[in-house]
file model06.cif (mmCIF, C-alpha atoms)
data_data
#
loop_
_atom_site.label_atom_id
_atom_site.label_comp_id
_atom_site.auth_asym_id
_atom_site.auth_seq_id
_atom_site.Cartn_x
_atom_site.Cartn_y
_atom_site.Cartn_z
CA MET Q 1430 82.81 -39.04 -122.64
CA ARG Q 1431 85.09 -40.59 -125.19
CA GLY Q 1432 87.01 -43.75 -125.76
CA VAL Q 1433 86.27 -47.33 -126.66
CA HIS Q 1434 88.04 -49.30 -123.97
CA GLY Q 1435 87.62 -48.70 -120.27
CA ALA Q 1436 90.31 -51.04 -118.99
CA GLU Q 1437 92.92 -48.28 -118.72
CA ASP Q 1438 90.79 -46.62 -116.02
CA ALA Q 1439 90.81 -49.63 -113.69
CA GLN Q 1440 93.65 -48.33 -111.57
CA ARG Q 1441 91.71 -45.13 -110.78
CA GLY Q 1442 88.59 -46.82 -109.36
CA VAL Q 1443 86.27 -46.38 -112.31
CA TRP Q 1444 83.22 -47.63 -110.42
CA THR Q 1445 83.41 -44.94 -107.74
CA LEU Q 1446 80.91 -42.08 -107.87
CA ASN Q 1447 82.24 -38.67 -108.91
CA LEU Q 1448 80.53 -35.36 -109.74
CA PRO Q 1449 80.13 -35.97 -113.51
CA ASN Q 1450 78.60 -39.38 -112.86
CA LEU Q 1451 76.32 -37.92 -110.18
CA ILE Q 1452 75.04 -35.33 -112.67
CA THR Q 1453 74.36 -38.13 -115.14
CA ILE Q 1454 72.40 -40.07 -112.53
CA VAL Q 1455 70.30 -36.98 -111.75
CA ARG Q 1456 69.59 -36.67 -115.49
CA ILE Q 1457 68.36 -40.27 -115.53
CA PHE Q 1458 65.86 -39.58 -112.75
CA ALA Q 1459 64.77 -36.16 -114.08
CA ALA Q 1460 64.08 -37.23 -117.68
CA PRO Q 1461 60.76 -39.05 -117.00
CA LEU Q 1462 59.39 -35.95 -115.25
CA VAL Q 1463 59.59 -34.07 -118.56
CA GLY Q 1464 57.40 -36.71 -120.16
CA VAL Q 1465 54.88 -36.57 -117.33
CA LEU Q 1466 54.54 -32.80 -117.75
CA LEU Q 1467 54.05 -33.14 -121.51
CA LEU Q 1468 51.18 -35.58 -121.03
CA GLN Q 1469 49.24 -33.12 -118.86
CA PRO Q 1470 46.36 -31.48 -120.77
CA GLY Q 1471 46.99 -27.82 -119.93
CA PRO Q 1472 49.47 -25.48 -121.63
CA ALA Q 1473 51.16 -24.47 -118.35
CA SER Q 1474 52.60 -27.90 -117.56
CA ARG Q 1475 53.76 -28.36 -121.16
CA LEU Q 1476 55.52 -25.01 -121.12
CA ILE Q 1477 57.12 -25.85 -117.76
CA ALA Q 1478 58.44 -29.01 -119.41
CA PHE Q 1479 60.54 -26.85 -121.74
CA PRO Q 1480 62.97 -25.29 -119.20
CA LEU Q 1481 63.19 -28.62 -117.36
CA PHE Q 1482 64.08 -30.31 -120.65
CA LEU Q 1483 66.74 -27.67 -121.31
CA VAL Q 1484 68.33 -28.24 -117.89
CA VAL Q 1485 68.41 -32.01 -118.38
CA ALA Q 1486 69.72 -31.77 -121.95
CA LEU Q 1487 72.38 -29.14 -121.19
CA SER Q 1488 73.60 -31.11 -118.17
CA ASP Q 1489 74.84 -33.66 -120.70
CA LEU Q 1490 77.37 -31.08 -121.89
CA TRP Q 1491 78.22 -30.12 -118.32
CA ASP Q 1492 79.01 -33.60 -117.06
CA GLY Q 1493 81.09 -34.31 -120.14
CA TYR Q 1494 83.05 -31.09 -119.67
CA LEU Q 1495 83.68 -31.82 -116.00
CA ALA Q 1496 84.77 -35.37 -116.72
CA ARG Q 1497 87.32 -34.22 -119.30
CA THR Q 1498 88.70 -31.22 -117.39
CA ARG Q 1499 88.90 -33.09 -114.07
CA ASP Q 1500 90.32 -36.23 -115.65
CA GLN Q 1501 87.33 -38.17 -114.31
CA ILE Q 1502 86.36 -40.13 -117.42
CA THR Q 1503 85.32 -43.54 -116.11
CA SER Q 1504 83.88 -46.73 -117.53
CA ILE Q 1505 80.68 -46.34 -115.51
CA GLY Q 1506 80.33 -42.83 -116.90
CA LYS Q 1507 80.73 -44.15 -120.44
CA ILE Q 1508 77.91 -46.60 -119.73
CA LEU Q 1509 75.55 -44.22 -117.90
CA ASP Q 1510 75.91 -41.26 -120.27
CA PRO Q 1511 74.32 -42.99 -123.31
CA ILE Q 1512 71.62 -44.45 -121.05
CA ALA Q 1513 70.71 -40.94 -119.84
CA ASP Q 1514 70.59 -39.67 -123.43
CA LYS Q 1515 68.33 -42.52 -124.53
CA LEU Q 1516 66.01 -42.19 -121.55
CA LEU Q 1517 65.56 -38.48 -122.24
CA LEU Q 1518 64.74 -39.25 -125.88
CA VAL Q 1519 62.14 -41.88 -124.97
CA SER Q 1520 60.66 -39.77 -122.15
CA THR Q 1521 60.04 -36.85 -124.51
CA LEU Q 1522 59.58 -38.30 -128.00
CA VAL Q 1523 56.84 -40.77 -127.04
CA PRO Q 1524 54.71 -38.15 -125.19
CA LEU Q 1525 55.23 -35.70 -128.06
CA TYR Q 1526 54.01 -38.33 -130.54
CA VAL Q 1527 51.01 -39.22 -128.36
CA VAL Q 1528 49.98 -35.59 -127.86
CA MET Q 1529 50.42 -34.53 -131.48
CA SER Q 1530 48.64 -37.63 -132.78
CA SER Q 1531 45.67 -37.42 -130.41
CA GLU Q 1532 45.20 -33.63 -130.21
CA LEU Q 1533 44.81 -32.35 -133.75
CA GLU Q 1534 44.90 -28.73 -132.62
CA VAL Q 1535 48.57 -29.06 -131.58
CA ALA Q 1536 49.67 -30.68 -134.85
CA GLY Q 1537 50.28 -28.79 -138.07
CA LEU Q 1538 54.05 -29.00 -138.55
CA PRO Q 1539 55.16 -28.18 -142.11
CA LEU Q 1540 55.70 -31.30 -144.23
CA PHE Q 1541 55.01 -33.77 -141.42
CA ASN Q 1542 51.93 -32.33 -139.68
CA ALA Q 1543 52.26 -34.53 -136.57
CA ILE Q 1544 55.41 -36.53 -135.86
CA PRO Q 1545 55.07 -39.58 -138.16
CA ILE Q 1546 55.25 -43.03 -136.61
CA TRP Q 1547 58.05 -44.06 -138.99
CA ALA Q 1548 60.18 -41.22 -137.65
CA VAL Q 1549 59.60 -42.44 -134.08
CA VAL Q 1550 60.58 -45.96 -135.16
CA ILE Q 1551 63.82 -44.71 -136.74
CA LEU Q 1552 64.79 -42.52 -133.79
CA LEU Q 1553 63.99 -45.09 -131.11
CA GLY Q 1554 64.93 -48.16 -133.14
CA ARG Q 1555 68.48 -46.88 -133.56
CA GLU Q 1556 68.80 -46.43 -129.80
CA VAL Q 1557 67.52 -49.94 -129.08
CA LEU Q 1558 69.89 -51.45 -131.64
CA ILE Q 1559 72.97 -49.57 -130.42
CA THR Q 1560 72.13 -50.31 -126.78
CA LEU Q 1561 71.91 -54.04 -127.48
CA LEU Q 1562 75.18 -53.95 -129.38
CA ARG Q 1563 76.82 -52.01 -126.53
CA LEU Q 1564 75.76 -54.75 -124.12
CA VAL Q 1565 77.23 -57.40 -126.41
CA ALA Q 1566 80.48 -55.43 -126.67
CA LEU Q 1567 80.52 -54.96 -122.88
CA ARG Q 1568 80.35 -58.72 -122.40
CA GLN Q 1569 83.37 -58.93 -124.68
CA GLY Q 1570 85.22 -56.50 -122.40
CA SER Q 1571 84.83 -53.36 -124.55
CA VAL Q 1572 83.05 -50.17 -123.47
CA VAL Q 1573 81.85 -48.18 -126.48
CA ALA Q 1574 81.32 -44.53 -125.56
CA ALA Q 1575 79.39 -41.91 -127.50
CA ARG Q 1576 81.17 -40.82 -130.67
CA GLY Q 1577 81.33 -37.38 -132.29
CA LEU Q 1578 78.60 -38.13 -134.83
CA GLY Q 1579 76.47 -39.65 -132.11
CA LYS Q 1580 76.79 -36.44 -130.07
CA ARG Q 1581 75.79 -34.34 -133.09
CA LYS Q 1582 72.82 -36.64 -133.59
CA ALA Q 1583 71.85 -36.13 -129.94
CA LEU Q 1584 72.20 -32.35 -130.35
CA ALA Q 1585 69.91 -32.30 -133.40
CA GLN Q 1586 67.40 -34.49 -131.58
CA ASN Q 1587 67.44 -32.25 -128.52
CA ILE Q 1588 66.93 -29.08 -130.58
CA PHE Q 1589 64.01 -30.73 -132.39
CA ILE Q 1590 62.47 -31.99 -129.15
CA GLY Q 1591 62.87 -28.62 -127.42
CA ALA Q 1592 61.23 -26.85 -130.36
CA ALA Q 1593 58.45 -29.47 -130.47
CA ILE Q 1594 57.76 -29.04 -126.73
CA LEU Q 1595 57.25 -25.30 -127.28
CA TRP Q 1596 55.17 -26.05 -130.36
CA ILE Q 1597 52.62 -28.13 -128.48
CA GLY Q 1598 52.70 -25.75 -125.50
CA PHE Q 1599 51.90 -22.75 -127.69
CA ARG Q 1600 49.14 -24.61 -129.56
CA THR Q 1601 47.46 -26.25 -126.59
CA PRO Q 1602 43.97 -24.77 -126.03
CA GLY Q 1603 44.07 -22.23 -123.25
CA PHE Q 1604 47.48 -20.78 -124.10
CA GLY Q 1605 45.98 -17.57 -125.47
CA ALA Q 1606 48.32 -16.89 -128.39
CA PRO Q 1607 48.54 -13.22 -129.39
CA ARG Q 1608 47.16 -12.18 -132.76
CA ALA Q 1609 49.97 -9.77 -133.60
CA GLN Q 1610 51.63 -10.12 -137.00
CA ALA Q 1611 54.98 -10.76 -135.31
CA TRP Q 1612 53.54 -13.79 -133.52
CA ILE Q 1613 52.12 -15.16 -136.77
CA TRP Q 1614 55.56 -14.78 -138.39
CA PHE Q 1615 57.22 -16.45 -135.40
CA THR Q 1616 54.76 -19.36 -135.57
CA GLN Q 1617 55.61 -19.96 -139.22
CA PHE Q 1618 59.35 -19.79 -138.50
CA HIS Q 1619 58.93 -22.04 -135.46
CA GLY Q 1620 57.11 -24.67 -137.49
CA TRP Q 1621 59.77 -24.83 -140.20
CA PHE Q 1622 62.55 -24.73 -137.60
CA THR Q 1623 61.06 -27.75 -135.84
CA THR Q 1624 60.60 -29.61 -139.11
CA ALA Q 1625 64.17 -28.84 -140.22
CA PHE Q 1626 65.68 -30.26 -137.04
CA LEU Q 1627 63.43 -33.31 -137.15
CA THR Q 1628 64.81 -33.96 -140.64
CA ALA Q 1629 68.38 -33.35 -139.48
CA ALA Q 1630 67.88 -35.68 -136.50
CA LEU Q 1631 66.62 -38.44 -138.79
CA VAL Q 1632 69.57 -38.10 -141.19
CA LEU Q 1633 72.14 -38.04 -138.38
CA THR Q 1634 70.43 -40.95 -136.63
CA ILE Q 1635 70.78 -43.15 -139.71
CA ALA Q 1636 74.36 -42.00 -140.37
CA SER Q 1637 75.48 -42.57 -136.77
CA ALA Q 1638 73.85 -46.01 -136.75
CA VAL Q 1639 75.91 -47.00 -139.78
CA LEU Q 1640 79.08 -45.68 -138.10
CA TYR Q 1641 78.42 -47.57 -134.86
CA LEU Q 1642 77.63 -50.77 -136.73
CA GLY Q 1643 81.09 -50.56 -138.28
CA THR Q 1644 82.67 -50.06 -134.84
CA PHE Q 1645 80.81 -52.98 -133.28
CA SER Q 1646 81.62 -55.16 -136.28
CA ARG Q 1647 85.34 -54.54 -135.79
CA ILE Q 1648 85.10 -55.24 -132.04
CA LEU Q 1649 83.21 -58.49 -132.49
CA THR Q 1650 85.42 -59.57 -135.37
CA ARG Q 1651 88.54 -58.90 -133.28
CA GLU Q 1652 87.17 -60.94 -130.41
CA HIS Q 1653 86.62 -63.92 -132.65
CA THR Q 1654 90.02 -63.90 -134.39
#
call {"tool": "encode", "arguments": {"input": "model06.cif", "output": "structure tokens"}}
result
Amino acid sequence: MRGVHGAEDAQRGVWTLNLPNLITIVRIFAAPLVGVLLLQPGPASRLIAFPLFLVVALSDLWDGYLARTRDQITSIGKILDPIADKLLLVSTLVPLYVVMSSELEVAGLPLFNAIPIWAVVILLGREVLITLLRLVALRQGSVVAARGLGKRKALAQNIFIGAAILWIGFRTPGFGAPRAQAWIWFTQFHGWFTTAFLTAALVLTIASAVLYLGTFSRILTREHT
């Protein structure tokens, strides 16, 4: 959902509920369920969390597509969409950190082993900062929607989180991993794949934060001139 200002939508009833916004609201309520499943001790619930996470994450693309093709981009959608993204990140990243830090048998990622606390701080700290700045801009009458770099950051984060969910599911005691050579190769690939997208998510998180800070700076400067 693109655009910086939402005023041009006022004549179309931007605060009314439409299908894209309804999908976003469902995402907001479904995201915490993923976290609850991840915190369960058995491998089954953690593996069930993976397809649920995929549905919630992919619905972000669906509601955006519907909003654009149906000409239903609204100010409330621009506000709710980033909230849904951030809630999904918190609802999955925090449980992943807790599980990988407390259950040594599910750790073992290349380079990082478990998800480091500084990575959690960077990923979540950026979201807190941008959310606060969005609220300040909203009080100034400007709605700042997700930008292209922000969407790529969200994509990298979602790929990392999806891979990490499978990682802890496969390594949770009771899963019964096969001993075939192909599985051993897949495990090595899976570990490096997860690490690569964690690294990409961190880089894009920092880059998008810098971009948004520039946008908010121009908005706030304009309001005070």
call {"tool": "resolve_selection", "arguments": {"input": "model06.cif", "expression": "the PyMOL selection byres ((chain Q and resi 1453-1461) around 7)", "output": "ChimeraX atom specification"}}
result
/Q:1449-1452,1462-1465,1485,1492,1509-1510,1513,1516-1517,1520
call {"tool": "resolve_selection", "arguments": {"input": "model06.cif", "expression": "the PyMOL selection byres ((chain Q and resi 1636-1647) around 8)", "output": "list in words"}}
result
Arg1555, Ile1559, Leu1562, Arg1563, Ala1566, Leu1578, Gly1579, Lys1582, Val1632, Leu1633, Thr1634, Ile1635, Ile1648, Leu1649, Thr1650 and Arg1651 of chain Q
call {"tool": "resolve_selection", "arguments": {"input": "model06.cif", "expression": "the PyMOL selection byres ((chain Q and resi 1593) around 10)", "output": "ChimeraX atom specification"}}
result
/Q:1479,1521-1522,1525-1526,1529,1535-1536,1538,1544,1587-1592,1594-1599,1619-1620,1622-1624,1626-1627
call {"tool": "closest_residue", "arguments": {"input": "model06.cif", "among": "Q:Ala1625, Q:Leu1552, Q:Ile1512, Q:Leu1518", "to": "Ala1486 (chain Q)", "atoms": "all atoms listed in the file"}}
result
Q:Leu1518
call {"tool": "atom_distance", "arguments": {"input": "model06.cif", "atom1": "CA of Arg1581 (chain Q)", "atom2": "CA of Asp1514 (chain Q)"}}
result
12.2 Å
call {"tool": "closest_residue", "arguments": {"input": "model06.cif", "among": "Q:Ala1548, Q:Leu1446, Q:Gly1471, Q:Gly1577", "to": "Gln1501 (chain Q)", "atoms": "all atoms listed in the file"}}
result
Q:Leu1446
call {"tool": "closest_residue", "arguments": {"input": "model06.cif", "among": "Q:Pro1602, Q:Trp1614, Q:Leu1466, Q:Ala1585", "to": "Glu1534 (chain Q)", "atoms": "all atoms listed in the file"}}
result
Q:Pro1602
call {"tool": "atom_distance", "arguments": {"input": "model06.cif", "atom1": "CA of Trp1621 (chain Q)", "atom2": "CA of Leu1584 (chain Q)"}}
result
17.6 Å
call {"tool": "build_atoms", "arguments": {"input": "model06.cif", "residues": "region 1460-1479 of chain Q", "atoms": "N, CA and C atoms", "output": "CSV table (one decimal), in the coordinates of the input"}}
result
chain,number,residue,atom,x,y,z
Q,1460,ALA,N,64.6,-37.1,-116.3
Q,1460,ALA,CA,64.1,-37.2,-117.7
Q,1460,ALA,C,62.6,-37.6,-117.7
Q,1461,PRO,N,62.2,-38.7,-116.9
Q,1461,PRO,CA,60.8,-39.0,-117.0
Q,1461,PRO,C,59.8,-37.9,-116.6
Q,1462,LEU,N,60.3,-37.0,-115.7
Q,1462,LEU,CA,59.4,-36.0,-115.2
Q,1462,LEU,C,59.0,-35.0,-116.4
Q,1463,VAL,N,59.9,-34.9,-117.4
Q,1463,VAL,CA,59.6,-34.1,-118.6
Q,1463,VAL,C,58.4,-34.7,-119.3
Q,1464,GLY,N,58.5,-36.0,-119.5
Q,1464,GLY,CA,57.4,-36.7,-120.2
Q,1464,GLY,C,56.1,-36.6,-119.4
Q,1465,VAL,N,56.1,-36.7,-118.1
Q,1465,VAL,CA,54.9,-36.6,-117.3
Q,1465,VAL,C,54.2,-35.2,-117.5
Q,1466,LEU,N,55.1,-34.2,-117.5
Q,1466,LEU,CA,54.5,-32.8,-117.8
Q,1466,LEU,C,53.9,-32.6,-119.1
Q,1467,LEU,N,54.6,-33.3,-120.1
Q,1467,LEU,CA,54.0,-33.1,-121.5
Q,1467,LEU,C,52.7,-33.8,-121.7
Q,1468,LEU,N,52.4,-34.8,-120.9
Q,1468,LEU,CA,51.2,-35.6,-121.0
Q,1468,LEU,C,50.0,-34.9,-120.3
Q,1469,GLN,N,50.3,-33.9,-119.5
Q,1469,GLN,CA,49.2,-33.1,-118.9
Q,1469,GLN,C,48.5,-32.3,-119.9
Q,1470,PRO,N,47.2,-32.1,-119.7
Q,1470,PRO,CA,46.4,-31.5,-120.8
Q,1470,PRO,C,46.5,-30.0,-120.9
Q,1471,GLY,N,46.9,-29.3,-119.9
Q,1471,GLY,CA,47.0,-27.8,-119.9
Q,1471,GLY,C,48.3,-27.3,-120.5
Q,1472,PRO,N,48.3,-26.1,-121.0
Q,1472,PRO,CA,49.5,-25.5,-121.6
Q,1472,PRO,C,50.5,-25.2,-120.6
Q,1473,ALA,N,50.2,-24.9,-119.4
Q,1473,ALA,CA,51.2,-24.5,-118.4
Q,1473,ALA,C,52.2,-25.6,-118.1
Q,1474,SER,N,51.7,-26.8,-117.9
Q,1474,SER,CA,52.6,-27.9,-117.6
Q,1474,SER,C,53.5,-28.2,-118.8
Q,1475,ARG,N,53.0,-28.1,-120.0
Q,1475,ARG,CA,53.8,-28.4,-121.2
Q,1475,ARG,C,54.8,-27.3,-121.4
Q,1476,LEU,N,54.5,-26.1,-121.0
Q,1476,LEU,CA,55.5,-25.0,-121.1
Q,1476,LEU,C,56.6,-25.1,-120.0
Q,1477,ILE,N,56.2,-25.6,-118.8
Q,1477,ILE,CA,57.1,-25.8,-117.8
Q,1477,ILE,C,58.1,-27.0,-118.2
Q,1478,ALA,N,57.6,-27.9,-119.0
Q,1478,ALA,CA,58.4,-29.0,-119.4
Q,1478,ALA,C,59.6,-28.5,-120.2
Q,1479,PHE,N,59.5,-27.4,-120.9
Q,1479,PHE,CA,60.5,-26.8,-121.7
Q,1479,PHE,C,61.8,-26.5,-121.0
